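These notes are about the structure you will find just below.
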Amino acid sequence: MSIASLLKKNETVEDEFEAYICDDETTQALVPVLNEREWSTSQIKKGGIENAIRTLATATPPKFLFVDLAKSENPMDDMNALAEVCEPGTMVIAVGKENDISLYRNLINSGVHEYMVKPVTTEQIRECILAAENTLRLANETEVHVIEDATDKLVAVIGMRGGVGASTIVSSCAWIIANDMKRNTAILDMDIYFGTDALTFDLEPGRGLCDALENPSRIDGLFIERAMIRQGDNLSILGSEASLNDPTYTDPSAMSHLLSELKHNFNYVIMDLPRNMAAEYPLMLSEADEIILVSDLSLAAARDIIRFLALCKTVAPDKEVKVILNKVAGAGLVEVDKKDFEASIERSVDWEIPFDAKLMVQVSRAGKPLPQAASMSKIVKVLKSVSANITGDSTENSKGSFWNKLTAGSKK
């Protein structure tokens with residue numbers, strides 16, 4: 001085995017398995033299984049599910065998580081708390097001393113892979129982990145099939161006012177879809193002069209978008225590949241930083257050709273569309289498969305979202321329109337409360353993202369995308385829900401994922 005292989009193996013062992021156990025007998029039954037798999041026994045920790053919750057609140061959850069419920073006063077409450085610090089895909093195996101069929105059913109229905117009653121044997125643990133591996137493998141095979149069959153989709157995201165965070169939502173959702181969901185994704189930053197999507201990833205936008213709009217006859221797969229900047233294996237960005245001394249006229253037919261070519265080359269295109277351009281070129285709305293309006297709880301934004309909802313109904317009557325409330329502060333700290341806001345726009349909002357100025361400053365200083373720098377924050381959890389909705393990855397239909405099932409249940 002090469003040195004590189006050894007390093008890779010050491011780097012991933014903590015991501016593979018962790019156990020939080022209350023007694024020595026269960027530990028002794030588990031150790032032979034870890035040795036067979038060459039998993040480190042240092043991943044067995046004392047303290048049961050309470051310690052798991054505390055530890056995983058500040059660490060990346062493993063692929064397989066073994067937790068002891070023996071000292072838990074309310075197992076289901078603890079499981080809900082554990083779900084808050086786990087990520088989609090975590091396979092949870094629980095062990096406890098309570099032999100109760102109702103508890104077993106509740107745990108299984110909540111997304112726990114298996115619940116075993118103490119005392120447990122090495123053979124029981126071995127078979128349980130094998131079954132969990134098979135479940136995860138089948139889920140991954142299904143995901144690959146879904147990715148291969150994914151249809152092209154263009155999503156237009158429009159901020160109702162400057163500073164409501166539409167660009168942050170675009171870059172975050174695109175990063176999640178590209179990196180967590182492994183979809184071939186593009187960001188189209190239509191703010192030719194002041195776009196910030198490339199800047200979010202510490203990249204130079206270049207002149208790709210301007211060149212595409214100025215030379216629509218040249219737009220093809222090769223042109224798109226050369227004009228876009230790559231952030232990663234599955235994420236590319238098309239934008240520009242046009243000179244302020246060089247006013248640009250945009251031909252609607254060039255826009256339409258560009259959007260069509262992008263959809264042909266990517267599974268998902270997330271378009272950061274300035275509100276003035278959406279108003280001047282309603283074609284951009286009609287070309288989109290889905291429209292997301294981003295607002296805050298201000299009077300001006302409430303006014304403008306009413307106008308945009310009416311515009312969408314006129315120019316894109318068959319398109320799905322979603323509303324995101326961003327930077328939602330506490331009661332008494334907003335111009336319009338949520339109830340009045342929804343009454344004025346005559347519909348419910350689809351997502352509500354909390355305001356956390358301190359976190360956003362920390363993320364900015366970290367120089368990383370929001371979902372990467374603060375993956376377990378409440379803001380990112382909402383953005384993951386938005387991303388799952390865009391791709392159609394319904395949490396209710398995800399099998400074998402502890403986090404997905406519990407969070408889905410909590411939203412009903």
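Going through the structure tokens in order, the chains are called A, B, and so on, while each chain numbers its residues from 1 and the ligands are numbered from 1 in the order shown.
Scanning region 87-116 of chain A with DSSP on the backbone, the alpha helix (DSSP H) assignments fall on Ile101, Ser102, Leu103, Tyr104, Arg105, Asn106, Leu107, Ile108 and Asn109 of chain A.
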Next, write the just-selected residues to a file, as an mmCIF file, in the first residue's frame, keeping N, CA and C atoms as the atom set.
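As a result, out.cif now contains:
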```
data_model
loop_
_atom_site.group_PDB
_atom_site.id
_atom_site.type_symbol
_atom_site.label_atom_id
_atom_site.label_comp_id
_atom_site.auth_asym_id
_atom_site.auth_seq_id
_atom_site.Cartn_x
_atom_site.Cartn_y
_atom_site.Cartn_z
ATOM 1 N N ILE A 101 -41.652 -2.538 22.074
ATOM 2 C CA ILE A 101 -41.974 -2.541 20.649
ATOM 3 C C ILE A 101 -42.383 -1.154 20.159
ATOM 4 N N SER A 102 -43.043 -0.372 21.024
ATOM 5 C CA SER A 102 -43.450 0.986 20.628
ATOM 6 C C SER A 102 -42.231 1.868 20.414
ATOM 7 N N LEU A 103 -41.254 1.747 21.316
ATOM 8 C CA LEU A 103 -40.017 2.516 21.159
ATOM 9 C C LEU A 103 -39.306 2.101 19.879
ATOM 10 N N TYR A 104 -39.240 0.796 19.638
ATOM 11 C CA TYR A 104 -38.581 0.296 18.431
ATOM 12 C C TYR A 104 -39.234 0.882 17.174
ATOM 13 N N ARG A 105 -40.560 0.841 17.121
ATOM 14 C CA ARG A 105 -41.257 1.350 15.937
ATOM 15 C C ARG A 105 -41.048 2.842 15.764
ATOM 16 N N ASN A 106 -41.099 3.597 16.867
ATOM 17 C CA ASN A 106 -40.903 5.043 16.786
ATOM 18 C C ASN A 106 -39.505 5.385 16.282
ATOM 19 N N LEU A 107 -38.513 4.641 16.763
ATOM 20 C CA LEU A 107 -37.134 4.901 16.329
ATOM 21 C C LEU A 107 -36.951 4.572 14.849
ATOM 22 N N ILE A 108 -37.499 3.439 14.425
ATOM 23 C CA ILE A 108 -37.367 3.047 13.018
ATOM 24 C C ILE A 108 -38.102 4.039 12.120
ATOM 25 N N ASN A 109 -39.313 4.436 12.525
ATOM 26 C CA ASN A 109 -40.085 5.392 11.729
ATOM 27 C C ASN A 109 -39.403 6.747 11.654
#
```
All strand (DSSP E or B) positions in region 101-333 of chain A, as a ChimeraX atom specification
/A:114-117,153-159,185-189,229-230,235-238,268-272,290-295,320-328
The selected residues should be written to file as a short mmCIF file (atom, residue, chain, number, x, y, z; two decimals), in the first residue's frame (atoms: N, CA and C atoms).
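Below is the file that was written, out_34.cif:
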```
data_model
loop_
_atom_site.label_atom_id
_atom_site.label_comp_id
_atom_site.auth_asym_id
_atom_site.auth_seq_id
_atom_site.Cartn_x
_atom_site.Cartn_y
_atom_site.Cartn_z
N GLU A 114 -31.47 0.80 12.86
CA GLU A 114 -31.80 -0.37 13.67
C GLU A 114 -31.66 -0.04 15.15
N TYR A 115 -32.51 -0.69 15.95
CA TYR A 115 -32.42 -0.58 17.41
C TYR A 115 -32.25 -1.98 17.98
N MET A 116 -31.17 -2.18 18.76
CA MET A 116 -30.88 -3.48 19.36
C MET A 116 -30.96 -3.38 20.89
N VAL A 117 -31.50 -4.42 21.50
CA VAL A 117 -31.66 -4.45 22.96
C VAL A 117 -30.45 -5.15 23.58
N LYS A 153 -32.66 22.25 -15.78
CA LYS A 153 -33.56 23.15 -15.08
C LYS A 153 -32.90 24.51 -14.88
N LEU A 154 -33.64 25.57 -15.20
CA LEU A 154 -33.17 26.93 -15.01
C LEU A 154 -34.00 27.59 -13.91
N VAL A 155 -33.33 28.06 -12.88
CA VAL A 155 -34.00 28.71 -11.76
C VAL A 155 -33.56 30.17 -11.71
N ALA A 156 -34.51 31.09 -11.75
CA ALA A 156 -34.21 32.52 -11.66
C ALA A 156 -34.44 32.98 -10.23
N VAL A 157 -33.41 33.58 -9.63
CA VAL A 157 -33.50 34.10 -8.27
C VAL A 157 -33.39 35.62 -8.34
N ILE A 158 -34.39 36.30 -7.78
CA ILE A 158 -34.48 37.76 -7.90
C ILE A 158 -34.63 38.39 -6.53
N GLY A 159 -33.75 39.30 -6.19
CA GLY A 159 -33.86 40.05 -4.94
C GLY A 159 -34.78 41.24 -5.12
N THR A 185 -23.66 21.84 -12.17
CA THR A 185 -24.39 23.07 -11.86
C THR A 185 -23.67 24.31 -12.39
N ALA A 186 -24.45 25.29 -12.83
CA ALA A 186 -23.88 26.56 -13.28
C ALA A 186 -24.55 27.71 -12.56
N ILE A 187 -23.76 28.72 -12.25
CA ILE A 187 -24.29 30.00 -11.77
C ILE A 187 -24.20 30.99 -12.92
N LEU A 188 -25.30 31.63 -13.23
CA LEU A 188 -25.33 32.69 -14.24
C LEU A 188 -25.59 34.02 -13.53
N ASP A 189 -24.57 34.84 -13.40
CA ASP A 189 -24.67 36.12 -12.70
C ASP A 189 -24.97 37.20 -13.73
N ILE A 229 -15.88 30.13 -15.59
CA ILE A 229 -14.81 29.80 -14.66
C ILE A 229 -15.29 28.68 -13.75
N ARG A 230 -14.40 27.75 -13.46
CA ARG A 230 -14.77 26.58 -12.67
C ARG A 230 -14.41 26.79 -11.21
N LEU A 235 -19.23 22.67 -10.40
CA LEU A 235 -19.77 24.03 -10.33
C LEU A 235 -18.96 24.98 -11.20
N SER A 236 -19.67 25.66 -12.12
CA SER A 236 -19.05 26.67 -12.99
C SER A 236 -19.84 27.97 -12.88
N ILE A 237 -19.16 29.08 -13.16
CA ILE A 237 -19.77 30.40 -13.00
C ILE A 237 -19.57 31.20 -14.27
N LEU A 238 -20.63 31.82 -14.74
CA LEU A 238 -20.56 32.73 -15.88
C LEU A 238 -21.00 34.11 -15.42
N TYR A 268 -28.38 21.88 -13.76
CA TYR A 268 -29.07 22.98 -13.08
C TYR A 268 -28.33 24.28 -13.33
N VAL A 269 -29.09 25.30 -13.74
CA VAL A 269 -28.55 26.64 -13.92
C VAL A 269 -29.29 27.55 -12.94
N ILE A 270 -28.53 28.13 -12.00
CA ILE A 270 -29.10 29.05 -11.02
C ILE A 270 -28.74 30.47 -11.47
N MET A 271 -29.74 31.23 -11.86
CA MET A 271 -29.52 32.56 -12.43
C MET A 271 -29.76 33.64 -11.38
N ASP A 272 -28.73 34.42 -11.13
CA ASP A 272 -28.83 35.58 -10.24
C ASP A 272 -29.28 36.75 -11.10
N GLU A 290 -38.33 27.79 -12.93
CA GLU A 290 -38.79 28.13 -11.59
C GLU A 290 -38.27 29.52 -11.24
N ILE A 291 -39.08 30.28 -10.51
CA ILE A 291 -38.71 31.65 -10.12
C ILE A 291 -38.75 31.74 -8.60
N ILE A 292 -37.66 32.26 -8.02
CA ILE A 292 -37.60 32.44 -6.57
C ILE A 292 -37.42 33.93 -6.28
N LEU A 293 -38.37 34.50 -5.56
CA LEU A 293 -38.30 35.91 -5.18
C LEU A 293 -37.79 36.00 -3.74
N VAL A 294 -36.76 36.82 -3.55
CA VAL A 294 -36.13 36.97 -2.24
C VAL A 294 -36.47 38.34 -1.68
N SER A 295 -36.97 38.35 -0.45
CA SER A 295 -37.42 39.60 0.16
C SER A 295 -37.00 39.65 1.62
N GLU A 320 -43.56 27.99 -11.73
CA GLU A 320 -43.69 27.93 -10.28
C GLU A 320 -42.92 29.08 -9.65
N VAL A 321 -43.57 29.83 -8.78
CA VAL A 321 -42.95 30.98 -8.13
C VAL A 321 -42.88 30.72 -6.63
N LYS A 322 -41.69 30.81 -6.06
CA LYS A 322 -41.48 30.62 -4.63
C LYS A 322 -41.04 31.95 -4.00
N VAL A 323 -41.30 32.09 -2.71
CA VAL A 323 -40.93 33.31 -1.98
C VAL A 323 -40.06 32.93 -0.78
N ILE A 324 -38.91 33.59 -0.68
CA ILE A 324 -38.02 33.40 0.46
C ILE A 324 -37.94 34.70 1.26
N LEU A 325 -38.19 34.60 2.55
CA LEU A 325 -37.94 35.73 3.45
C LEU A 325 -36.54 35.56 4.02
N ASN A 326 -35.67 36.52 3.77
CA ASN A 326 -34.29 36.43 4.24
C ASN A 326 -34.02 37.50 5.29
N LYS A 327 -33.00 37.24 6.11
CA LYS A 327 -32.56 38.17 7.15
C LYS A 327 -33.72 38.51 8.10
N VAL A 328 -34.44 37.48 8.52
CA VAL A 328 -35.60 37.69 9.40
C VAL A 328 -35.10 37.85 10.84
#
```
Surrounding residues of Asp296 (chain A) excluding itself and chain neighbours under 5 positions, 10 Å, only C-alpha atoms, as a list in words: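 Residues meeting the cut-off are Gly159, Met160, Arg161, Gly163, Val164, Gly165, Ala301, Ala302, Ile305, Ile324, Leu325, Asn326, Lys327, Val328, Ala329, Val334, Glu335, Val336, Lys338, Phe341, Glu352 and Ile353 of chain A.
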Take the residues that were just selected and, keeping C-alpha atoms, output them as a compact mmCIF listing (two decimals), in the first residue's frame.
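Generated output (part.txt):
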```txt
# COMPACT_ATOMS: atom_id res chain seq x y z
CA GLY A 159 -33.86 40.05 -4.94
CA MET A 160 -36.69 42.49 -4.34
CA ARG A 161 -34.34 45.14 -2.91
CA GLY A 163 -29.00 43.84 0.07
CA VAL A 164 -31.72 41.25 0.73
CA GLY A 165 -29.20 38.46 0.12
CA ALA A 301 -39.74 44.94 -0.41
CA ALA A 302 -43.36 44.06 0.39
CA ILE A 305 -42.81 41.60 -4.30
CA ILE A 324 -38.02 33.40 0.46
CA LEU A 325 -37.94 35.73 3.45
CA ASN A 326 -34.29 36.43 4.24
CA LYS A 327 -32.56 38.17 7.15
CA VAL A 328 -35.60 37.69 9.40
CA ALA A 329 -34.86 39.34 12.75
CA VAL A 334 -38.59 44.46 11.38
CA GLU A 335 -40.66 47.07 9.53
CA VAL A 336 -43.45 44.63 8.64
CA LYS A 338 -44.55 38.24 8.83
CA PHE A 341 -46.41 40.64 4.98
CA GLU A 352 -37.80 31.87 6.19
CA ILE A 353 -34.07 32.42 6.76
```
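Take CA of Leu199 (chain A) and CA of Ser240 (chain A): the distance between them is 10.8 Å.
Among the candidates A:Ser256, A:Ser344, A:Asn245, A:Gln231, the residue lying nearest to Lys368 (chain A) is A:Gln231 (atoms considered: only C-alpha atoms).
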Using only C-alpha atoms, which residues sit within 9 Å of region 212-226 of chain A once same-chain residues fewer than 5 positions away are excluded, as a PyMOL selection string? chain A and resi 207+236+238+248-251+253-255+257-258+261-262+264-265
Could you write out the selected residues, including N, CA and C atoms, as a CSV table (one decimal), in the first residue's frame?
```csv
chain,number,residue,atom,x,y,z
A,207,ARG,N,-14.7,38.3,-18.5
A,207,ARG,CA,-15.6,38.9,-19.4
A,207,ARG,C,-16.5,37.9,-20.1
A,236,SER,N,-19.7,25.7,-12.1
A,236,SER,CA,-19.1,26.7,-13.0
A,236,SER,C,-19.8,28.0,-12.9
A,238,LEU,N,-20.6,31.8,-14.7
A,238,LEU,CA,-20.6,32.7,-15.9
A,238,LEU,C,-21.0,34.1,-15.4
A,248,THR,N,-23.6,48.7,-21.9
A,248,THR,CA,-23.8,47.4,-22.7
A,248,THR,C,-25.3,47.3,-23.0
A,249,TYR,N,-25.6,47.1,-24.3
A,249,TYR,CA,-26.9,46.8,-24.7
A,249,TYR,C,-27.1,45.3,-24.9
A,250,THR,N,-28.1,44.7,-24.3
A,250,THR,CA,-28.3,43.3,-24.3
A,250,THR,C,-29.4,42.9,-25.3
A,251,ASP,N,-29.1,42.1,-26.3
A,251,ASP,CA,-30.1,41.7,-27.2
A,251,ASP,C,-30.9,40.5,-26.6
A,253,SER,N,-32.6,38.2,-27.9
A,253,SER,CA,-32.4,36.9,-28.6
A,253,SER,C,-31.0,36.3,-28.2
A,254,ALA,N,-30.0,37.1,-27.8
A,254,ALA,CA,-28.8,36.6,-27.3
A,254,ALA,C,-29.0,36.0,-26.0
A,255,MET,N,-29.8,36.6,-25.1
A,255,MET,CA,-30.1,36.0,-23.8
A,255,MET,C,-30.7,34.7,-24.0
A,257,HIS,N,-30.7,32.6,-26.4
A,257,HIS,CA,-29.7,31.6,-27.0
A,257,HIS,C,-28.8,31.1,-25.9
A,258,LEU,N,-28.3,32.1,-25.1
A,258,LEU,CA,-27.4,31.8,-24.0
A,258,LEU,C,-28.0,30.8,-23.0
A,261,GLU,N,-28.4,27.3,-24.3
A,261,GLU,CA,-27.1,26.6,-24.4
A,261,GLU,C,-26.6,26.1,-23.0
A,262,LEU,N,-26.9,27.0,-22.0
A,262,LEU,CA,-26.5,26.7,-20.6
A,262,LEU,C,-27.3,25.5,-20.1
A,264,HIS,N,-28.5,23.2,-21.9
A,264,HIS,CA,-28.1,22.0,-22.6
A,264,HIS,C,-26.8,21.4,-22.0
A,265,ASN,N,-26.0,22.3,-21.4
A,265,ASN,CA,-24.7,21.8,-20.9
A,265,ASN,C,-24.6,21.5,-19.4
```
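Between Ile129 (chain A) and the residues A:Phe201, A:Leu82, A:Phe17, A:Ala57, the shortest atom-to-atom distance, using only C-alpha atoms, involves A:Phe17.
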Spatial neighbours of Asn179 (chain A), 9 Å, only C-alpha atoms, chain gap at least 3 places, as a ChimeraX atom specification: /A:174-176,182-183,232-235
Selection file, N, CA and C atoms, as a compact mmCIF listing (two decimals), in the first residue's frame:
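Below is the file again22.txt, written as the result:
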```txt
# COMPACT_ATOMS: atom_id res chain seq x y z
N ALA A 174 -26.31 26.85 -5.21
CA ALA A 174 -25.54 26.25 -6.30
C ALA A 174 -24.41 25.39 -5.75
N TRP A 175 -23.74 25.86 -4.69
CA TRP A 175 -22.64 25.10 -4.09
C TRP A 175 -23.18 23.79 -3.50
N ILE A 176 -24.32 23.85 -2.82
CA ILE A 176 -24.92 22.65 -2.21
C ILE A 176 -25.31 21.64 -3.29
N LYS A 182 -23.95 16.51 -5.97
CA LYS A 182 -23.15 16.03 -7.10
C LYS A 182 -23.82 16.25 -8.45
N ARG A 183 -24.55 17.36 -8.59
CA ARG A 183 -25.14 17.71 -9.88
C ARG A 183 -24.24 18.68 -10.63
N GLY A 232 -15.25 24.16 -9.03
CA GLY A 232 -15.01 22.79 -8.61
C GLY A 232 -15.41 21.84 -9.72
N ASP A 233 -15.41 20.55 -9.43
CA ASP A 233 -15.72 19.56 -10.45
C ASP A 233 -17.13 19.72 -11.01
N ASN A 234 -18.07 20.17 -10.17
CA ASN A 234 -19.47 20.23 -10.59
C ASN A 234 -20.06 21.64 -10.61
N LEU A 235 -19.23 22.67 -10.40
CA LEU A 235 -19.77 24.03 -10.33
C LEU A 235 -18.96 24.98 -11.20
```
Point-to-point distance from CA of Phe66 (chain A) to CA of Tyr20 (chain A), Å rounded to tenths =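 Pair CA of Phe66 (chain A) / CA of Tyr20 (chain A) returns 6.2 Å.
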message = Can you tell me which residues surround Leu359 (chain A) at a distance of at most 12 Å, considering only C-alpha atoms, apart from same-chain residues fewer than 3 positions away, and format the answer as a PyMOL selection string?
response = chain A and resi 327+354-356+362-366+370-371+373-380
Among listed residues A:Asn74, A:Leu30, A:Arg303, A:Ser286, nearest Glu127 (chain A) (using only C-alpha atoms):
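So, comparing all the options, the nearest one is A:Leu30.
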